[in-house]
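Student: One structure coming up, written as structure tokens, with questions to follow.
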Amino acid sequence: MSTLQLENIRHPDATDNALELAADGSVSVVNGFSGNVGIGTSTPTVDGTGTAPGWMLPVTQIKGPRPTLYLNGDGTLVTMRLWPNGDDGTSTTLDDWHINVSKNSSGGDFGIAHQGGAYGAALQITNTGYVKAPINPSFYVKDLNYSTTGGSYGTGGVVLHNNGNHYNTSNGRFTAPVSGTYAFYGSIQQFQSGSGDYVGLTYDKNGVQYGIEFVSGIVTNNGHYNDHHTQEGFIVIAMNSGDYINIEANRGARDAVQNAFGGYLIG
């Protein structure tokens, strides 16, 4: 079998040979940096010891008995497995993440999932370019319970969706599962009730009003509050993990009808 040896490879500004590549897959670099590059060996390694220039130092290592990158048998899935707390993939904790590219009839999808998670459970980019984050928290509730004549937090309600179960019907709170920026929407209505000539809506973060009161006057008919009047409000707010938000009708509202509260994690 013939052999091939490359030598005298160097940068134009170098005064010495910079690289020698032998047929057995070994590579030698001046200043003491050497290691295998994967040619002619089934166990490629890198070694950052010595005084090699910074651009020659390794940025990744492949270790352990299980593959870090593989293509499955039917040629439909490429998976990269990441084990931040170990190098052999034996851990069953959430430090095991999977980055996947799958093939389908329309092209390929890209997905990220944690240990044991379904394909794309944490993040997915479809072959058409849509970005999906299936586990991101969001909720929407209608017909919350309020005091009709005074200020009160909305509680209970008909939960239309509650991704992650971070909205609590008993106290009307949405509790942030992670620190980030969130958006919230709410609406309340006055009809034949109220503590004054206004209808007002606020958001309270950890029990303290955040931002402004969304308020407007009530249209009356001969002194009676018998006209429907809806007040809406939308906020974007930074929250730490464990912070919570309530929606308040601070001047009374219709009870269990014609109101809503919802929100979601922006990022």
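For the structure tokens, the naming scheme is as follows: chains receive sequential letters (A, B, ...) according to their order of presentation, residues are indexed from 1 within each chain, and ligands are indexed from 1 in presentation order.
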Neighbouring residues of A:Asn240 were defined as those with any atom within 9 Å, considering only C-alpha atoms; residues of the same chain fewer than 3 positions away were excluded. Please report them as a PyMOL selection string.

Tutor: chain A and resi 176-181+243-244

Student: Output N, CA and C atoms for every residue in that selection, as an mmCIF file, in the first residue's frame.

Tutor:
```cif
data_model
loop_
_atom_site.group_PDB
_atom_site.id
_atom_site.type_symbol
_atom_site.label_atom_id
_atom_site.label_comp_id
_atom_site.auth_asym_id
_atom_site.auth_seq_id
_atom_site.Cartn_x
_atom_site.Cartn_y
_atom_site.Cartn_z
ATOM 1 N N ALA A 176 -44.514 33.465 37.014
ATOM 2 C CA ALA A 176 -43.495 33.272 35.977
ATOM 3 C C ALA A 176 -42.619 32.067 36.305
ATOM 4 N N PRO A 177 -42.535 31.088 35.411
ATOM 5 C CA PRO A 177 -41.674 29.928 35.673
ATOM 6 C C PRO A 177 -40.194 30.219 35.433
ATOM 7 N N VAL A 178 -39.893 31.205 34.590
ATOM 8 C CA VAL A 178 -38.510 31.586 34.307
ATOM 9 C C VAL A 178 -38.438 33.103 34.210
ATOM 10 N N SER A 179 -37.267 33.649 34.442
ATOM 11 C CA SER A 179 -37.071 35.085 34.270
ATOM 12 C C SER A 179 -37.115 35.430 32.791
ATOM 13 N N GLY A 180 -37.739 36.547 32.469
ATOM 14 C CA GLY A 180 -37.834 36.946 31.079
ATOM 15 C C GLY A 180 -38.808 38.087 30.904
ATOM 16 N N THR A 181 -39.164 38.360 29.651
ATOM 17 C CA THR A 181 -40.106 39.409 29.308
ATOM 18 C C THR A 181 -41.436 38.769 28.926
ATOM 19 N N ASP A 243 -42.021 35.617 40.283
ATOM 20 C CA ASP A 243 -42.897 36.787 40.307
ATOM 21 C C ASP A 243 -44.283 36.398 39.809
ATOM 22 N N TYR A 244 -45.300 37.126 40.272
ATOM 23 C CA TYR A 244 -46.657 36.798 39.821
ATOM 24 C C TYR A 244 -47.434 38.055 39.456
#
```

Student: Fewer than 2 positions away in the same chain doesn't count, so skip those; otherwise give me all residues within 10 Å of A:Asn165, counting only C-alpha atoms, as a ChimeraX atom specification.

Tutor: /A:137-139,161-163,167-169,174-175,177

Student: For N, CA and C atoms, I'd like the residues from the last selection saved as a compact mmCIF listing (two decimals), in the first residue's frame.

Tutor:
```txt
# COMPACT_ATOMS: atom_id res chain seq x y z
N PRO A 137 -44.60 29.09 28.22
CA PRO A 137 -45.81 29.32 29.01
C PRO A 137 -46.75 30.32 28.34
N SER A 138 -48.04 30.03 28.38
CA SER A 138 -49.08 30.95 27.91
C SER A 138 -50.41 30.49 28.51
N PHE A 139 -51.37 31.42 28.58
CA PHE A 139 -52.68 31.07 29.13
C PHE A 139 -53.72 32.06 28.63
N HIS A 161 -56.97 27.82 27.78
CA HIS A 161 -55.71 27.06 27.71
C HIS A 161 -54.76 27.61 28.77
N ASN A 162 -53.85 26.73 29.22
CA ASN A 162 -52.94 27.08 30.32
C ASN A 162 -51.67 26.26 30.15
N ASN A 163 -50.87 26.63 29.15
CA ASN A 163 -49.68 25.85 28.80
C ASN A 163 -48.64 25.94 29.92
N TYR A 167 -51.06 29.54 35.45
CA TYR A 167 -52.17 30.37 35.95
C TYR A 167 -52.91 29.56 37.00
N ASN A 168 -53.17 30.18 38.17
CA ASN A 168 -53.82 29.53 39.30
C ASN A 168 -55.23 30.08 39.44
N THR A 169 -56.25 29.24 39.26
CA THR A 169 -57.63 29.71 39.32
C THR A 169 -58.03 30.15 40.73
N PHE A 174 -50.88 34.53 37.68
CA PHE A 174 -49.95 33.88 36.76
C PHE A 174 -48.57 34.04 37.37
N THR A 175 -47.88 32.92 37.62
CA THR A 175 -46.55 32.95 38.21
C THR A 175 -45.51 32.61 37.15
N PRO A 177 -42.54 31.09 35.41
CA PRO A 177 -41.67 29.93 35.67
C PRO A 177 -40.19 30.22 35.43
```

Student: So which one's closest to A:Val141, A:Gly154, A:Gly111, A:Gly117, A:Gly262? Using only C-alpha atoms, please.

Tutor: A:Gly262

Student: With distances taken over only C-alpha atoms, which residue among A:Ala253, A:Val131, A:Val236, A:Ala113 lies nearest A:Tyr146?

Tutor: A:Ala253

Student: One decimal, Å: what's the distance from atom CA of A:Asp204 over to atom CA of A:Gly157, could you say?

Tutor: 18.2 Å

Student: Find the residues around A:Val199 up to 6 Å (only C-alpha atoms counted), leave out those fewer than 4 positions away in its own chain, and share them as a list in words.

Tutor: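 The residues that qualify are Val215, Ser216 and Arg251 of chain A.
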
Student: Create the file for the chosen residues now, containing N, CA and C atoms and written as a compact mmCIF listing (two decimals), in the first residue's frame.

Tutor:
```txt
# COMPACT_ATOMS: atom_id res chain seq x y z
N VAL A 215 -58.36 53.34 32.41
CA VAL A 215 -59.62 53.82 32.97
C VAL A 215 -60.35 54.67 31.95
N SER A 216 -61.67 54.63 32.02
CA SER A 216 -62.50 55.49 31.18
C SER A 216 -63.84 55.70 31.87
N ARG A 251 -62.57 49.30 40.30
CA ARG A 251 -63.79 50.07 40.55
C ARG A 251 -65.03 49.20 40.33
```

Student: Can you tell me, as a compact mmCIF listing (two decimals) with N, CA and C atoms, in the first residue's frame, which residues in stretch 133-167 of chain A count as strand (DSSP E or B) by DSSP?

Tutor:
```txt
# COMPACT_ATOMS: atom_id res chain seq x y z
N SER A 138 -48.04 30.03 28.38
CA SER A 138 -49.08 30.95 27.91
C SER A 138 -50.41 30.49 28.51
N PHE A 139 -51.37 31.42 28.58
CA PHE A 139 -52.68 31.07 29.13
C PHE A 139 -53.72 32.06 28.63
N TYR A 140 -54.98 31.65 28.70
CA TYR A 140 -56.09 32.54 28.38
C TYR A 140 -57.33 32.06 29.15
N VAL A 141 -57.93 32.99 29.89
CA VAL A 141 -59.06 32.67 30.76
C VAL A 141 -60.17 33.67 30.49
N LYS A 142 -61.41 33.21 30.53
CA LYS A 142 -62.54 34.12 30.37
C LYS A 142 -63.50 33.96 31.55
N ASN A 145 -64.17 35.81 38.11
CA ASN A 145 -65.02 36.29 39.19
C ASN A 145 -64.50 37.62 39.74
N SER A 152 -61.27 44.40 43.14
CA SER A 152 -61.01 42.99 43.43
C SER A 152 -60.17 42.39 42.31
N TYR A 153 -59.40 41.37 42.67
CA TYR A 153 -58.67 40.61 41.66
C TYR A 153 -59.62 39.63 40.98
N THR A 155 -60.48 36.09 39.68
CA THR A 155 -60.08 34.73 40.05
C THR A 155 -60.94 33.74 39.28
N VAL A 158 -63.15 30.47 33.26
CA VAL A 158 -63.12 29.32 32.36
C VAL A 158 -61.77 29.32 31.66
N VAL A 159 -60.93 28.35 31.97
CA VAL A 159 -59.58 28.29 31.42
C VAL A 159 -59.64 27.68 30.02
N LEU A 160 -59.36 28.49 29.02
CA LEU A 160 -59.38 28.00 27.65
C LEU A 160 -58.07 27.32 27.27
N HIS A 161 -56.97 27.82 27.78
CA HIS A 161 -55.71 27.06 27.71
C HIS A 161 -54.76 27.61 28.77
N ASN A 162 -53.85 26.73 29.22
CA ASN A 162 -52.94 27.08 30.32
C ASN A 162 -51.67 26.26 30.15
N ASN A 163 -50.87 26.63 29.15
CA ASN A 163 -49.68 25.85 28.80
C ASN A 163 -48.64 25.94 29.92
N TYR A 167 -51.06 29.54 35.45
CA TYR A 167 -52.17 30.37 35.95
C TYR A 167 -52.91 29.56 37.00
```

Student: How far is it from atom CA of A:Gln190 to atom CA of A:Gly156, in Å with one decimal?

Tutor: 18.5 Å

Student: By how many Å are atom CA of A:Trp97 and atom CA of A:Ala238 apart?

Tutor: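 Result for atom CA of A:Trp97 versus atom CA of A:Ala238: 27.5 Å, one decimal.
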